[in-house]
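Here is the file data38.cif (mmCIF, C-alpha atoms).
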```cif
data_query
#
loop_
_atom_site.group_PDB
_atom_site.id
_atom_site.type_symbol
_atom_site.label_atom_id
_atom_site.label_comp_id
_atom_site.auth_asym_id
_atom_site.auth_seq_id
_atom_site.Cartn_x
_atom_site.Cartn_y
_atom_site.Cartn_z
ATOM 1 C CA MET J 1 101.833 75.883 106.921
ATOM 2 C CA ASP J 2 102.327 79.661 106.852
ATOM 3 C CA THR J 3 99.327 81.921 107.215
ATOM 4 C CA ARG J 4 98.564 83.678 103.960
ATOM 5 C CA ARG J 5 96.137 86.540 103.423
ATOM 6 C CA ILE J 6 94.358 88.541 100.793
ATOM 7 C CA SER J 7 95.152 92.196 100.193
ATOM 8 C CA PHE J 8 93.277 94.762 98.167
ATOM 9 C CA ARG J 9 94.857 97.824 96.605
ATOM 10 C CA THR J 10 92.068 99.933 95.180
ATOM 11 C CA VAL J 11 91.652 102.794 92.729
ATOM 12 C CA PHE J 12 88.263 104.472 92.565
ATOM 13 C CA GLY J 13 87.780 106.158 89.218
ATOM 14 C CA GLY J 14 86.132 109.386 90.269
ATOM 15 C CA PRO J 15 83.727 111.212 92.549
ATOM 16 C CA SER J 16 80.619 109.961 90.762
ATOM 17 C CA ILE J 17 81.079 106.363 91.980
ATOM 18 C CA PRO J 18 78.155 105.521 94.251
ATOM 19 C CA PRO J 19 79.277 105.629 97.907
ATOM 20 C CA ASP J 20 77.840 102.120 98.380
ATOM 21 C CA PHE J 21 80.695 100.733 96.252
ATOM 22 C CA ILE J 22 83.319 102.266 98.480
ATOM 23 C CA GLU J 23 81.542 101.226 101.690
ATOM 24 C CA GLU J 24 80.938 97.651 100.537
ATOM 25 C CA LEU J 25 84.505 97.176 99.343
ATOM 26 C CA VAL J 26 85.799 98.414 102.712
ATOM 27 C CA ARG J 27 83.438 96.004 104.523
ATOM 28 C CA LEU J 28 84.511 93.131 102.296
ATOM 29 C CA ARG J 29 88.195 93.928 102.738
ATOM 30 C CA ASN J 30 87.759 94.030 106.536
ATOM 31 C CA ARG J 31 85.823 90.768 106.553
ATOM 32 C CA MET J 32 88.385 88.949 104.413
ATOM 33 C CA ARG J 33 91.305 90.244 106.456
ATOM 34 C CA SER J 34 90.900 87.381 108.936
ATOM 35 C CA VAL J 35 90.561 84.592 106.345
ATOM 36 C CA GLU J 36 93.666 82.404 106.165
ATOM 37 C CA PHE J 37 94.604 81.128 102.720
ATOM 38 C CA GLN J 38 97.248 78.746 101.393
ATOM 39 C CA TYR J 39 98.592 81.499 99.111
ATOM 40 C CA ASP J 40 98.793 85.267 99.418
ATOM 41 C CA PHE J 41 96.305 86.959 97.101
ATOM 42 C CA ASP J 42 97.375 90.454 96.058
ATOM 43 C CA LEU J 43 94.511 92.104 94.177
ATOM 44 C CA PHE J 44 94.661 95.488 92.488
ATOM 45 C CA VAL J 45 91.035 96.607 92.120
ATOM 46 C CA VAL J 46 90.119 99.344 89.633
ATOM 47 C CA VAL J 47 86.564 100.611 90.069
ATOM 48 C CA GLY J 48 85.807 102.553 86.896
ATOM 49 C CA GLY J 49 84.201 105.955 87.169
ATOM 50 C CA ASP J 50 84.010 109.300 85.440
ATOM 51 C CA ILE J 51 87.742 110.132 85.678
ATOM 52 C CA THR J 52 89.301 106.692 85.310
ATOM 53 C CA VAL J 53 86.963 105.268 82.697
ATOM 54 C CA VAL J 54 87.073 101.498 82.236
ATOM 55 C CA THR J 55 85.454 100.379 78.986
ATOM 56 C CA ASP J 56 86.721 96.791 78.988
ATOM 57 C CA PRO J 57 84.374 94.177 80.451
ATOM 58 C CA THR J 58 84.381 93.750 84.215
ATOM 59 C CA GLY J 59 86.733 90.959 85.239
ATOM 60 C CA LEU J 60 90.176 89.570 85.834
ATOM 61 C CA ARG J 61 93.295 90.971 84.188
ATOM 62 C CA VAL J 62 96.974 89.939 84.326
ATOM 63 C CA PRO J 63 96.708 86.994 86.734
ATOM 64 C CA ARG J 64 100.013 85.593 87.920
ATOM 65 C CA VAL J 65 100.897 82.684 90.177
ATOM 66 C CA PHE J 66 104.265 82.503 91.916
ATOM 67 C CA LEU J 67 104.671 78.976 93.287
ATOM 68 C CA ARG J 68 107.895 79.487 95.204
ATOM 69 C CA ARG J 69 106.568 82.593 97.003
ATOM 70 C CA ARG J 70 103.068 81.064 97.339
ATOM 71 C CA THR J 71 101.596 84.267 95.980
ATOM 72 C CA THR J 72 99.133 85.169 93.273
ATOM 73 C CA THR J 73 98.540 88.633 91.890
ATOM 74 C CA ALA J 74 95.873 90.026 89.628
ATOM 75 C CA GLN J 75 94.078 93.129 88.558
ATOM 76 C CA ILE J 76 90.300 93.308 88.760
ATOM 77 C CA GLN J 77 88.764 95.925 86.500
ATOM 78 C CA MET J 78 85.192 97.032 86.980
ATOM 79 C CA ASN J 79 83.618 98.576 83.907
ATOM 80 C CA SER J 80 82.509 102.185 84.516
ATOM 81 C CA ALA J 81 79.023 101.636 83.070
ATOM 82 C CA ASP J 82 78.588 98.476 85.162
ATOM 83 C CA VAL J 83 79.548 100.398 88.299
ATOM 84 C CA MET J 84 77.339 103.419 87.586
ATOM 85 C CA ASN J 85 74.330 101.291 86.650
ATOM 86 C CA ALA J 86 74.552 98.561 89.295
ATOM 87 C CA SER J 87 71.268 98.329 91.177
ATOM 88 C CA ASP J 88 72.950 96.366 94.000
ATOM 89 C CA PRO J 89 76.601 97.369 94.490
ATOM 90 C CA ARG J 90 77.110 94.709 97.161
ATOM 91 C CA ALA J 91 75.968 91.867 94.926
ATOM 92 C CA PHE J 92 78.016 93.245 92.025
ATOM 93 C CA LEU J 93 81.189 93.487 94.129
ATOM 94 C CA PHE J 94 80.754 90.102 95.810
ATOM 95 C CA GLN J 95 80.110 88.360 92.488
ATOM 96 C CA THR J 96 83.064 90.081 90.805
ATOM 97 C CA ILE J 97 85.473 89.255 93.640
ATOM 98 C CA HIS J 98 84.152 85.692 93.883
ATOM 99 C CA SER J 99 84.575 84.951 90.172
ATOM 100 C CA THR J 100 88.087 86.407 90.295
ATOM 101 C CA MET J 101 89.029 84.301 93.311
ATOM 102 C CA VAL J 102 87.616 81.147 91.686
ATOM 103 C CA GLU J 103 89.715 81.791 88.584
ATOM 104 C CA LEU J 104 92.871 82.406 90.620
ATOM 105 C CA ILE J 105 92.268 79.303 92.758
ATOM 106 C CA SER J 106 91.850 77.258 89.569
ATOM 107 C CA ARG J 107 95.118 78.611 88.200
ATOM 108 C CA ILE J 108 96.971 77.721 91.392
ATOM 109 C CA ALA J 109 95.442 74.224 91.485
ATOM 110 C CA ALA J 110 96.567 73.593 87.904
ATOM 111 C CA ARG J 111 100.193 74.218 88.900
ATOM 112 C CA ASP J 112 100.459 73.152 92.559
ATOM 113 C CA ASN J 113 99.592 69.501 93.306
ATOM 114 C CA ASP J 114 99.616 70.105 97.074
ATOM 115 C CA PHE J 115 97.103 72.957 96.872
ATOM 116 C CA ASP J 116 93.649 72.165 98.309
ATOM 117 C CA ALA J 117 91.346 74.092 95.967
ATOM 118 C CA ASP J 118 88.164 72.777 97.596
ATOM 119 C CA ASP J 119 89.263 74.134 100.964
ATOM 120 C CA GLU J 120 90.016 77.546 99.449
ATOM 121 C CA LEU J 121 86.662 77.619 97.649
ATOM 122 C CA ARG J 122 84.877 76.937 100.953
ATOM 123 C CA LYS J 123 86.609 79.973 102.457
ATOM 124 C CA ILE J 124 85.096 82.289 99.850
ATOM 125 C CA GLU J 125 81.692 80.617 99.690
ATOM 126 C CA PHE J 126 80.202 83.454 101.755
ATOM 127 C CA LEU J 127 80.685 85.763 98.761
ATOM 128 C CA VAL J 128 77.938 83.863 96.982
ATOM 129 C CA LEU J 129 75.809 83.099 100.039
ATOM 130 C CA ASP J 130 75.916 86.627 101.516
ATOM 131 C CA GLY J 131 76.167 88.562 98.264
ATOM 132 C CA ILE J 132 72.545 89.627 98.331
ATOM 133 C CA GLY J 133 70.881 91.468 101.158
ATOM 134 C CA GLU J 134 71.965 93.367 104.219
ATOM 135 C CA PRO J 135 75.648 93.600 105.175
ATOM 136 C CA GLN J 136 76.777 91.031 107.733
#
```
Turn this file's structure into structure tokens for me.
Amino acid sequence: MDTRRISFRTVFGGPSIPPDFIEELVRLRNRMRSVEFQYDFDLFVVVGGDITVVTDPTGLRVPRVFLRRRTTTAQIQMNSADVMNASDPRAFLFQTIHSTMVELISRIAARDNDFDADDELRKIEFLVLDGIGEPQ
């Protein structure tokens, strides 16, 4: 089986975004770089701020699964007010990314009978387990 990875393309919506959001997303991206998946996950992350204001609820947008290419793409929008008012940016980011990944894994499993969703969920379990507290 080919090695598949996750990639993050990120837009930060302005200078008022707490630096912890940027730092934690970089840490998360670096940590997930070595995780091997059954599909490529291409995530476009929009962290709302004072310039790029996101008023829609935080969550998944435009998810797509491409079976032949073994790729899934999606946009994750983070509501500006949620970002600015988050007391724990790390927990907020980990929870948001985890719920997005769970949704994408479910979508793949619904269309690909050979896909091992339980295995993929185990690979992202750390997002829930490590989402609170000091960075690993």
Spell out the residues picked by the PyMOL selection byres ((chain J and resi 10-25) around 10) here, as a short mmCIF file (atom, residue, chain, number, x, y, z; two decimals) with C-alpha atoms, in the frame of the given file.
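As a result, expr.cif now contains:
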```
data_model
loop_
_atom_site.label_atom_id
_atom_site.label_comp_id
_atom_site.auth_asym_id
_atom_site.auth_seq_id
_atom_site.Cartn_x
_atom_site.Cartn_y
_atom_site.Cartn_z
CA SER J 7 95.15 92.20 100.19
CA PHE J 8 93.28 94.76 98.17
CA ARG J 9 94.86 97.82 96.60
CA VAL J 26 85.80 98.41 102.71
CA ARG J 27 83.44 96.00 104.52
CA LEU J 28 84.51 93.13 102.30
CA ARG J 29 88.20 93.93 102.74
CA ASN J 30 87.76 94.03 106.54
CA ARG J 31 85.82 90.77 106.55
CA LEU J 43 94.51 92.10 94.18
CA PHE J 44 94.66 95.49 92.49
CA VAL J 45 91.04 96.61 92.12
CA VAL J 46 90.12 99.34 89.63
CA VAL J 47 86.56 100.61 90.07
CA GLY J 48 85.81 102.55 86.90
CA GLY J 49 84.20 105.96 87.17
CA ASP J 50 84.01 109.30 85.44
CA ILE J 51 87.74 110.13 85.68
CA THR J 52 89.30 106.69 85.31
CA VAL J 53 86.96 105.27 82.70
CA VAL J 54 87.07 101.50 82.24
CA GLN J 75 94.08 93.13 88.56
CA ILE J 76 90.30 93.31 88.76
CA GLN J 77 88.76 95.92 86.50
CA MET J 78 85.19 97.03 86.98
CA SER J 80 82.51 102.18 84.52
CA VAL J 83 79.55 100.40 88.30
CA MET J 84 77.34 103.42 87.59
CA ASN J 85 74.33 101.29 86.65
CA ALA J 86 74.55 98.56 89.30
CA ASP J 88 72.95 96.37 94.00
CA PRO J 89 76.60 97.37 94.49
CA ARG J 90 77.11 94.71 97.16
CA ALA J 91 75.97 91.87 94.93
CA PHE J 92 78.02 93.24 92.02
CA LEU J 93 81.19 93.49 94.13
CA PHE J 94 80.75 90.10 95.81
CA ILE J 97 85.47 89.26 93.64
CA PRO J 135 75.65 93.60 105.18
#
```
**Message:** Is it possible to get the residues within 9 Å of (82.1, 90.2, 82.6) (coordinates as in the file, counting all atoms listed in the file) written as a VMD selection string?
**Reply:** chain J and resid 56 to 60 78 to 79 96
**Complete:** In Å and to one decimal, atom CA of Val128 of chain J is distant from atom CA of Val102 of chain J by 11.4 Å
Using all atoms of segment 111-118 of chain J that appear in the file, construct an axis-aligned enclosing box with 4 Å of padding on every side and provide its centre coordinates and edge lengths in Å, rounded to one decimal, as JSON.
```
{"center_x": 94.3, "center_y": 71.9, "center_z": 93.6, "size_x": 20.3, "size_y": 12.7, "size_z": 17.4}
```
**Prompt:** With all atoms listed in the file as the basis for distance, which of J:Ile105, J:Arg33, J:Asp40, J:Val62 is at the shortest distance from Glu120 of chain J?
**Reply:**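 Smallest distance to Glu120 of chain J is found for J:Ile105.
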**Prompt:** Looking at J:Ser106, J:Thr55, J:Thr71, J:Ser99, which one is nearest to Thr3 of chain J, with distances taken over all atoms listed in the file?
**Reply:**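 The closest residue to Thr3 of chain J is J:Thr71.
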**Prompt:** What is the distance, in Å and to one decimal place, between atom CA of Arg64 of chain J and atom CA of Arg122 of chain J?
**Reply:**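 So the answer is 21.8 Å.
Atom CA of Pro63 of chain J lies 17.2 Å from atom CA of Phe37 of chain J.
Comparing J:Thr73, J:Ser87, J:Ser34, J:Gln95 by their smallest distance to Glu125 of chain J, the closest is J:Gln95 (using all atoms listed in the file).
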For segment 96-123 of chain J, supply N, CA and C atoms and format the output as a tab-separated table (two decimals), keeping the file's coordinate frame.
```tsv
chain	number	residue	atom	x	y	z
J	96	THR	N	81.83	89.79	91.54
J	96	THR	CA	83.06	90.08	90.80
J	96	THR	C	84.28	89.53	91.55
J	97	ILE	N	84.35	89.76	92.85
J	97	ILE	CA	85.47	89.26	93.64
J	97	ILE	C	85.45	87.73	93.68
J	98	HIS	N	84.27	87.15	93.84
J	98	HIS	CA	84.15	85.69	93.88
J	98	HIS	C	84.64	85.06	92.58
J	99	SER	N	84.17	85.55	91.45
J	99	SER	CA	84.58	84.95	90.17
J	99	SER	C	86.08	85.11	89.95
J	100	THR	N	86.64	86.21	90.40
J	100	THR	CA	88.09	86.41	90.30
J	100	THR	C	88.84	85.40	91.16
J	101	MET	N	88.38	85.24	92.40
J	101	MET	CA	89.03	84.30	93.31
J	101	MET	C	88.93	82.87	92.79
J	102	VAL	N	87.78	82.49	92.24
J	102	VAL	CA	87.62	81.15	91.69
J	102	VAL	C	88.62	80.92	90.55
J	103	GLU	N	88.77	81.91	89.69
J	103	GLU	CA	89.72	81.79	88.58
J	103	GLU	C	91.15	81.66	89.10
J	104	LEU	N	91.52	82.47	90.08
J	104	LEU	CA	92.87	82.41	90.62
J	104	LEU	C	93.12	81.07	91.33
J	105	ILE	N	92.15	80.60	92.08
J	105	ILE	CA	92.27	79.30	92.76
J	105	ILE	C	92.45	78.19	91.74
J	106	SER	N	91.71	78.26	90.64
J	106	SER	CA	91.85	77.26	89.57
J	106	SER	C	93.24	77.28	88.96
J	107	ARG	N	93.77	78.48	88.77
J	107	ARG	CA	95.12	78.61	88.20
J	107	ARG	C	96.18	78.03	89.13
J	108	ILE	N	96.02	78.28	90.43
J	108	ILE	CA	96.97	77.72	91.39
J	108	ILE	C	96.88	76.20	91.38
J	109	ALA	N	95.65	75.68	91.44
J	109	ALA	CA	95.44	74.22	91.48
J	109	ALA	C	96.04	73.52	90.27
J	110	ALA	N	96.02	74.18	89.12
J	110	ALA	CA	96.57	73.59	87.90
J	110	ALA	C	98.09	73.45	87.97
J	111	ARG	N	98.73	74.23	88.84
J	111	ARG	CA	100.19	74.22	88.90
J	111	ARG	C	100.77	73.65	90.19
J	112	ASP	N	99.96	73.58	91.25
J	112	ASP	CA	100.46	73.15	92.56
J	112	ASP	C	99.66	71.93	93.02
J	113	ASN	N	100.28	70.75	92.96
J	113	ASN	CA	99.59	69.50	93.31
J	113	ASN	C	99.22	69.41	94.78
J	114	ASP	N	99.90	70.15	95.64
J	114	ASP	CA	99.62	70.10	97.07
J	114	ASP	C	98.54	71.10	97.50
J	115	PHE	N	98.09	71.91	96.59
J	115	PHE	CA	97.10	72.96	96.87
J	115	PHE	C	95.71	72.34	97.00
J	116	ASP	N	95.00	72.68	98.06
J	116	ASP	CA	93.65	72.17	98.31
J	116	ASP	C	92.62	73.20	97.84
J	117	ALA	N	92.26	73.12	96.57
J	117	ALA	CA	91.35	74.09	95.97
J	117	ALA	C	89.97	74.06	96.63
J	118	ASP	N	89.49	72.87	96.96
J	118	ASP	CA	88.16	72.78	97.60
J	118	ASP	C	88.12	73.52	98.92
J	119	ASP	N	89.19	73.42	99.69
J	119	ASP	CA	89.26	74.13	100.96
J	119	ASP	C	89.24	75.64	100.73
J	120	GLU	N	89.99	76.11	99.75
J	120	GLU	CA	90.02	77.55	99.45
J	120	GLU	C	88.65	78.03	98.96
J	121	LEU	N	87.99	77.23	98.14
J	121	LEU	CA	86.66	77.62	97.65
J	121	LEU	C	85.65	77.73	98.79
J	122	ARG	N	85.77	76.85	99.78
J	122	ARG	CA	84.88	76.94	100.95
J	122	ARG	C	85.08	78.25	101.70
J	123	LYS	N	86.30	78.73	101.74
J	123	LYS	CA	86.61	79.97	102.46
J	123	LYS	C	85.97	81.21	101.83
```
